[in-house]
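The next block holds one structure in the form of structure tokens; read it before the comments.
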Amino acid sequence: MTATIFIDGEAGTTGLQIREKLATLPGIVLRSLPAEARKDAAAKQRLLGEVDLAILCLPDDAARQTAALIESLGEAAPRVIDASSAHRVAPGWTYGFPELTRGQGAAIAKARKVSNPGCHATGAIALLRPLTEAGLISKETPITITSVSGYTGGGKTMIAAYESGQAPAFELYGLGLEHKHAPEIEAYSGLARRPLFVPSVGNFAQGMLVSIPLQLEALPGKPTSRQLSQALEEHYRGGPFVSVLPMAEGGGEAGRLEAESLNGTNDMHLRVFANEKHRQAVLVAKLDNLGKGASGAAVQNLRLMLGL
């Protein structure tokens, strides 16, 4: 079987990586618009009517416009994966995190419209959803999430600043506490209260660490850190891309973590760092913000949707 794919926004960071990954898949034919026609709505609509699946790697407003073009095609419309944040909590769209919960991969495989998760959200939800499902974290628990990514996770303006040498070595952002990943984290992690989320970027291209500190005595049932780790292990056991590493207690080398070792992969590592003496734990997810956090996730969803 041959599937024809159109990447709308193929010249951007995520689009380029998706194109590179799809080039190695047999049975995939990539279609493109010439550069001069990329903003021609009629030309885009014609191409959308000729392909099996479209991947949107666009700013949110442009993604909504292309989604509307797709809807206008009716039965001739292609299936779609939206890598923007425009439709992550929108009705009628399936959330593209196959490991979210039992049956999510099957739901993606059948879906017409799939919204790719955000990179920060992927790590946060991966850590939180198994624990809320197990009752170890209450839906009402106040949650604080911090995350650091390479500068490619900060958007076009930050990418330009870092690549031109004009940016600092490290910076916090999103300090108005309105980051676009917060709604999907709340919606899909099982929380009933909006989490406090503070992202940051460092002076390296890609790689990500998402961390969530927990006071164990403040959680329902006062679980041990080992119970948290076991719940994560049970949730992700047997999956191909998400691994739960052995729980780490104490300091030394086990108390340090770098962000870049999973770059270029669709893998994500989860780990509980703990100090039972103080009844404190930190949940950490490591991933490539351009891999499992963007292009890798899109290709994973595409493979499910096309049965590859």
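Simple scheme: letters A, B, ... for chains in structure tokens order, numbers from 1 for residues in each chain, numbers from 1 for ligands in the order shown.
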
* To do: Any chance you could list, as a PyMOL selection string, the residues in segment 226-277 of chain A that come up strand (DSSP E) when DSSP is run on the backbone?
  => chain A and resi 242-244+248-249+268-275

Given the selection you just returned, output its residues as a file containing N, CA and C atoms, formatted as a short mmCIF file (atom, residue, chain, number, x, y, z; two decimals), in the first residue's frame.
```cif
data_model
loop_
_atom_site.label_atom_id
_atom_site.label_comp_id
_atom_site.auth_asym_id
_atom_site.auth_seq_id
_atom_site.Cartn_x
_atom_site.Cartn_y
_atom_site.Cartn_z
N VAL A 242 8.57 4.46 25.73
CA VAL A 242 8.65 5.06 27.06
C VAL A 242 9.21 4.04 28.04
N SER A 243 10.33 4.41 28.68
CA SER A 243 10.98 3.52 29.64
C SER A 243 11.01 4.17 31.01
N VAL A 244 10.76 3.37 32.04
CA VAL A 244 10.86 3.84 33.42
C VAL A 244 12.16 3.29 34.00
N ALA A 248 15.88 6.34 41.88
CA ALA A 248 17.18 6.79 42.39
C ALA A 248 17.00 7.44 43.75
N GLU A 249 17.73 6.95 44.75
CA GLU A 249 17.69 7.53 46.10
C GLU A 249 19.08 8.04 46.46
N MET A 268 11.58 8.17 25.44
CA MET A 268 11.42 9.02 26.62
C MET A 268 11.74 8.17 27.85
N HIS A 269 12.56 8.72 28.75
CA HIS A 269 12.91 8.05 30.00
C HIS A 269 12.24 8.77 31.16
N LEU A 270 11.58 8.01 32.02
CA LEU A 270 10.95 8.53 33.24
C LEU A 270 11.69 7.97 34.44
N ARG A 271 11.81 8.80 35.49
CA ARG A 271 12.51 8.32 36.68
C ARG A 271 12.02 9.08 37.92
N VAL A 272 11.97 8.37 39.02
CA VAL A 272 11.65 8.98 40.32
C VAL A 272 12.95 9.15 41.09
N PHE A 273 13.26 10.39 41.45
CA PHE A 273 14.37 10.70 42.34
C PHE A 273 13.77 10.99 43.71
N ALA A 274 14.32 10.37 44.76
CA ALA A 274 13.63 10.42 46.04
C ALA A 274 14.57 10.57 47.22
N ASN A 275 14.02 11.12 48.30
CA ASN A 275 14.67 11.14 49.61
C ASN A 275 13.59 10.81 50.62
#
```

Report as a tab-separated table the residues of segment 32-74 of chain A within 10 Å of segment 103-126 of chain A, each with its shortest atom pair and distance in Å (one decimal), using only C-alpha atoms, ordered by chain and increasing residue number.
```
residue	atom	partner	partner_atom	distance
A:Leu53	CA	A:Arg112	CA	9.1
A:Ala54	CA	A:Lys113	CA	9.7
A:Ile55	CA	A:Val114	CA	9.5
A:Leu56	CA	A:Ser115	CA	9.5
A:Ala67	CA	A:Lys113	CA	9.3
```

Could you take the residues named above and write them with N, CA, C and O atoms, as a PDB file, in the first residue's frame?
```
ATOM      1  N   LEU A  53      -3.060  11.850   3.745  1.00  0.00           N
ATOM      2  CA  LEU A  53      -2.877  12.388   5.093  1.00  0.00           C
ATOM      3  C   LEU A  53      -2.062  13.670   5.025  1.00  0.00           C
ATOM      4  O   LEU A  53      -1.092  13.763   4.259  1.00  0.00           O
ATOM      5  N   ALA A  54      -2.467  14.654   5.801  1.00  0.00           N
ATOM      6  CA  ALA A  54      -1.742  15.926   5.885  1.00  0.00           C
ATOM      7  C   ALA A  54      -1.194  16.095   7.296  1.00  0.00           C
ATOM      8  O   ALA A  54      -1.855  15.751   8.274  1.00  0.00           O
ATOM      9  N   ILE A  55       0.015  16.621   7.383  1.00  0.00           N
ATOM     10  CA  ILE A  55       0.628  16.944   8.671  1.00  0.00           C
ATOM     11  C   ILE A  55       0.830  18.453   8.707  1.00  0.00           C
ATOM     12  O   ILE A  55       1.488  19.025   7.827  1.00  0.00           O
ATOM     13  N   LEU A  56       0.259  19.101   9.712  1.00  0.00           N
ATOM     14  CA  LEU A  56       0.313  20.555   9.812  1.00  0.00           C
ATOM     15  C   LEU A  56       1.435  20.964  10.759  1.00  0.00           C
ATOM     16  O   LEU A  56       1.381  20.678  11.953  1.00  0.00           O
ATOM     17  N   ALA A  67      -6.959  23.524   8.656  1.00  0.00           N
ATOM     18  CA  ALA A  67      -7.953  22.563   9.141  1.00  0.00           C
ATOM     19  C   ALA A  67      -9.330  22.883   8.567  1.00  0.00           C
ATOM     20  O   ALA A  67     -10.100  21.970   8.232  1.00  0.00           O
TER      21      ALA A  67
END
```

Within 12 Å of segment 259-262 of chain A, which residues of segment 117-172 of chain A come that close, and what is the closest atom pair and distance in Å for each? Count only C-alpha atoms and give it as a Markdown table.
```
| residue | atom | partner | partner_atom | distance |
| --- | --- | --- | --- | --- |
| A:Ser147 | CA | A:Ala259 | CA | 10.5 |
| A:Val148 | CA | A:Ala259 | CA | 8.3 |
| A:Ser149 | CA | A:Ala259 | CA | 7.7 |
| A:Gly150 | CA | A:Ala259 | CA | 8.4 |
```

Limited to N, CA and C atoms, could you put the picked residues into a file as a compact mmCIF listing (two decimals), in the first residue's frame?
```
# COMPACT_ATOMS: atom_id res chain seq x y z
N SER A 147 10.40 22.86 33.47
CA SER A 147 10.90 22.15 32.31
C SER A 147 11.97 22.98 31.64
N VAL A 148 13.05 22.34 31.23
CA VAL A 148 14.10 23.01 30.47
C VAL A 148 14.29 22.27 29.15
N SER A 149 14.36 23.02 28.06
CA SER A 149 14.58 22.41 26.76
C SER A 149 15.72 23.12 26.07
N GLY A 150 16.20 22.50 24.99
CA GLY A 150 17.08 23.21 24.09
C GLY A 150 16.34 24.38 23.48
```

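Take atom CA of Pro220 of chain A and atom CA of Thr141 of chain A: the distance between them is 8.8 Å.
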
* Could you pull the residues within 12 Å of segment 17-24 of chain A, counting only C-alpha atoms, minus those fewer than 5 positions along the same chain, as a VMD selection string? -> chain A and resid 3 to 12 29 to 32 54 to 57 81 83 264 to 266 289 to 303 308

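Remark: for Thr132 of chain A, the closest of the candidate residues A:Tyr151, A:Tyr188, A:Tyr162, A:Tyr236 is A:Tyr188 (distances computed over only C-alpha atoms).
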
Neighbouring residues of Ala42 of chain A were defined as those with any atom within 12 Å, considering only C-alpha atoms; residues of the same chain fewer than 4 positions away were excluded. Please report them as a short mmCIF file (atom, residue, chain, number, x, y, z; two decimals) with N, CA, C and O atoms, in the first residue's frame.
```
data_model
loop_
_atom_site.label_atom_id
_atom_site.label_comp_id
_atom_site.auth_asym_id
_atom_site.auth_seq_id
_atom_site.Cartn_x
_atom_site.Cartn_y
_atom_site.Cartn_z
N LEU A 33 3.92 21.64 -2.20
CA LEU A 33 3.58 22.80 -3.00
C LEU A 33 4.86 23.55 -3.34
O LEU A 33 5.77 23.63 -2.50
N ALA A 37 3.57 28.92 -4.09
CA ALA A 37 2.15 28.60 -3.92
C ALA A 37 1.78 28.23 -2.49
O ALA A 37 0.63 27.87 -2.22
N ARG A 38 2.72 28.34 -1.57
CA ARG A 38 2.45 27.88 -0.20
C ARG A 38 1.39 28.69 0.52
O ARG A 38 0.76 28.20 1.46
N ARG A 46 -6.52 22.14 -3.39
CA ARG A 46 -6.45 21.11 -4.44
C ARG A 46 -5.52 19.97 -4.03
O ARG A 46 -5.86 18.79 -4.18
N LEU A 47 -4.37 20.34 -3.48
CA LEU A 47 -3.42 19.30 -3.06
C LEU A 47 -3.98 18.48 -1.91
O LEU A 47 -3.84 17.25 -1.89
N LEU A 48 -4.63 19.14 -0.97
CA LEU A 48 -5.22 18.41 0.16
C LEU A 48 -6.24 17.38 -0.31
O LEU A 48 -6.39 16.32 0.30
N GLY A 49 -6.93 17.67 -1.40
CA GLY A 49 -7.90 16.74 -1.93
C GLY A 49 -7.29 15.55 -2.65
O GLY A 49 -7.99 14.60 -3.01
N THR A 66 -5.87 25.90 7.72
CA THR A 66 -5.71 24.69 6.91
C THR A 66 -6.71 23.63 7.35
O THR A 66 -7.26 22.89 6.51
N LEU A 69 -9.87 24.34 5.66
CA LEU A 69 -9.82 23.90 4.26
C LEU A 69 -10.08 22.40 4.15
O LEU A 69 -10.79 21.94 3.26
N ILE A 70 -9.47 21.65 5.07
CA ILE A 70 -9.66 20.19 5.06
C ILE A 70 -11.13 19.84 5.31
O ILE A 70 -11.72 19.01 4.61
N SER A 72 -13.67 21.57 4.62
CA SER A 72 -14.49 21.97 3.47
C SER A 72 -14.50 20.92 2.36
O SER A 72 -15.35 20.96 1.48
N LEU A 73 -13.56 19.99 2.39
CA LEU A 73 -13.47 18.97 1.35
C LEU A 73 -14.44 17.81 1.57
O LEU A 73 -14.59 16.95 0.71
#
```

* To do: Among the residues of segment 2-232 of chain A, find those DSSP assigns to alpha helix (DSSP H) from the backbone and print them as an MDAnalysis selection string.
  => chainID A and resid 13:22 41:48 60:72 104:110 119:133 156:163 182:188 225:232

* Asked: Counting only C-alpha atoms, which of A:Lys286, A:Arg102, A:Arg88, A:Arg226 gets nearest to Phe241 of chain A?
  -> A:Lys286

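Take atom CA of Ile212 of chain A and atom CA of Thr94 of chain A: the distance between them is 25.7 Å.
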
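Candidate residues A:Gln206, A:Glu163, A:Trp93, A:Leu219 were compared for distance to Ser138 of chain A, and the nearest is A:Leu219, using only C-alpha atoms.
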
* Distance of atom CA of Ser200 of chain A from atom CA of Gln227 of chain A, expressed in Å to one decimal place -> 29.5 Å

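The closest residue to His179 of chain A, picked from A:Met158, A:Ala68, A:Leu216, A:Pro199 and counting only C-alpha atoms, is A:Pro199.
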
* Nearby residues (only C-alpha atoms) at most 9 Å from Ala86 of chain A, same-chain spacing under 3 positions excluded, as a ChimeraX atom specification -> /A:59-61,63-64,82-83,89-90,115

Dump as a compact mmCIF listing (two decimals), in the first residue's frame, selection limited to all heavy atoms:
```txt
# COMPACT_ATOMS: atom_id res chain seq x y z
N PRO A 59 2.09 27.73 12.50
CA PRO A 59 1.60 28.50 13.65
C PRO A 59 0.11 28.21 13.85
O PRO A 59 -0.60 27.79 12.92
CB PRO A 59 1.83 29.96 13.22
CG PRO A 59 2.88 29.89 12.17
CD PRO A 59 2.68 28.59 11.46
N ASP A 60 -0.37 28.44 15.07
CA ASP A 60 -1.73 28.04 15.41
C ASP A 60 -2.80 28.59 14.47
O ASP A 60 -3.69 27.86 14.02
CB ASP A 60 -2.05 28.46 16.85
CG ASP A 60 -1.34 27.59 17.87
OD1 ASP A 60 -0.54 26.73 17.47
OD2 ASP A 60 -1.59 27.77 19.08
N ASP A 61 -2.75 29.89 14.16
CA ASP A 61 -3.79 30.47 13.31
C ASP A 61 -3.76 29.85 11.91
O ASP A 61 -4.81 29.56 11.33
CB ASP A 61 -3.61 31.99 13.22
CG ASP A 61 -4.02 32.71 14.50
OD1 ASP A 61 -4.71 32.08 15.33
OD2 ASP A 61 -3.66 33.88 14.66
N ALA A 63 -2.68 26.86 11.19
CA ALA A 63 -3.17 25.49 11.32
C ALA A 63 -4.69 25.45 11.34
O ALA A 63 -5.31 24.56 10.74
CB ALA A 63 -2.60 24.85 12.59
N ARG A 64 -5.31 26.42 12.00
CA ARG A 64 -6.78 26.46 12.01
C ARG A 64 -7.32 26.72 10.61
O ARG A 64 -8.34 26.15 10.21
CB ARG A 64 -7.26 27.55 12.99
CG ARG A 64 -6.97 27.24 14.45
CD ARG A 64 -7.58 28.28 15.38
NE ARG A 64 -7.17 28.04 16.76
CZ ARG A 64 -6.18 28.69 17.35
NH1 ARG A 64 -5.51 29.64 16.71
NH2 ARG A 64 -5.86 28.41 18.61
N ASP A 82 -2.11 17.40 13.40
CA ASP A 82 -1.76 18.80 13.63
C ASP A 82 -0.67 18.87 14.68
O ASP A 82 -0.88 18.52 15.83
CB ASP A 82 -2.99 19.59 14.08
CG ASP A 82 -2.70 21.08 14.25
OD1 ASP A 82 -1.57 21.51 13.90
OD2 ASP A 82 -3.58 21.80 14.74
N ALA A 83 0.52 19.35 14.27
CA ALA A 83 1.64 19.46 15.20
C ALA A 83 1.65 20.79 15.95
O ALA A 83 2.50 21.01 16.81
CB ALA A 83 2.96 19.28 14.46
N VAL A 89 -6.93 20.55 22.66
CA VAL A 89 -8.07 20.32 23.55
C VAL A 89 -9.38 20.61 22.83
O VAL A 89 -10.41 20.82 23.45
CB VAL A 89 -7.97 21.16 24.85
CG1 VAL A 89 -6.78 20.72 25.69
CG2 VAL A 89 -7.86 22.65 24.54
N ALA A 90 -9.35 20.59 21.49
CA ALA A 90 -10.53 20.91 20.70
C ALA A 90 -11.43 19.69 20.55
O ALA A 90 -10.94 18.57 20.35
CB ALA A 90 -10.11 21.42 19.32
N SER A 115 -4.27 15.46 17.09
CA SER A 115 -3.49 16.61 17.52
C SER A 115 -2.25 16.13 18.27
O SER A 115 -2.36 15.45 19.30
CB SER A 115 -4.32 17.52 18.42
OG SER A 115 -3.61 18.68 18.76
```

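Among the candidate residues A:Ala285, A:Leu306, A:Ala205, A:Leu127, the one lying nearest to Pro78 of chain A is A:Leu306, with distances computed using only C-alpha atoms.
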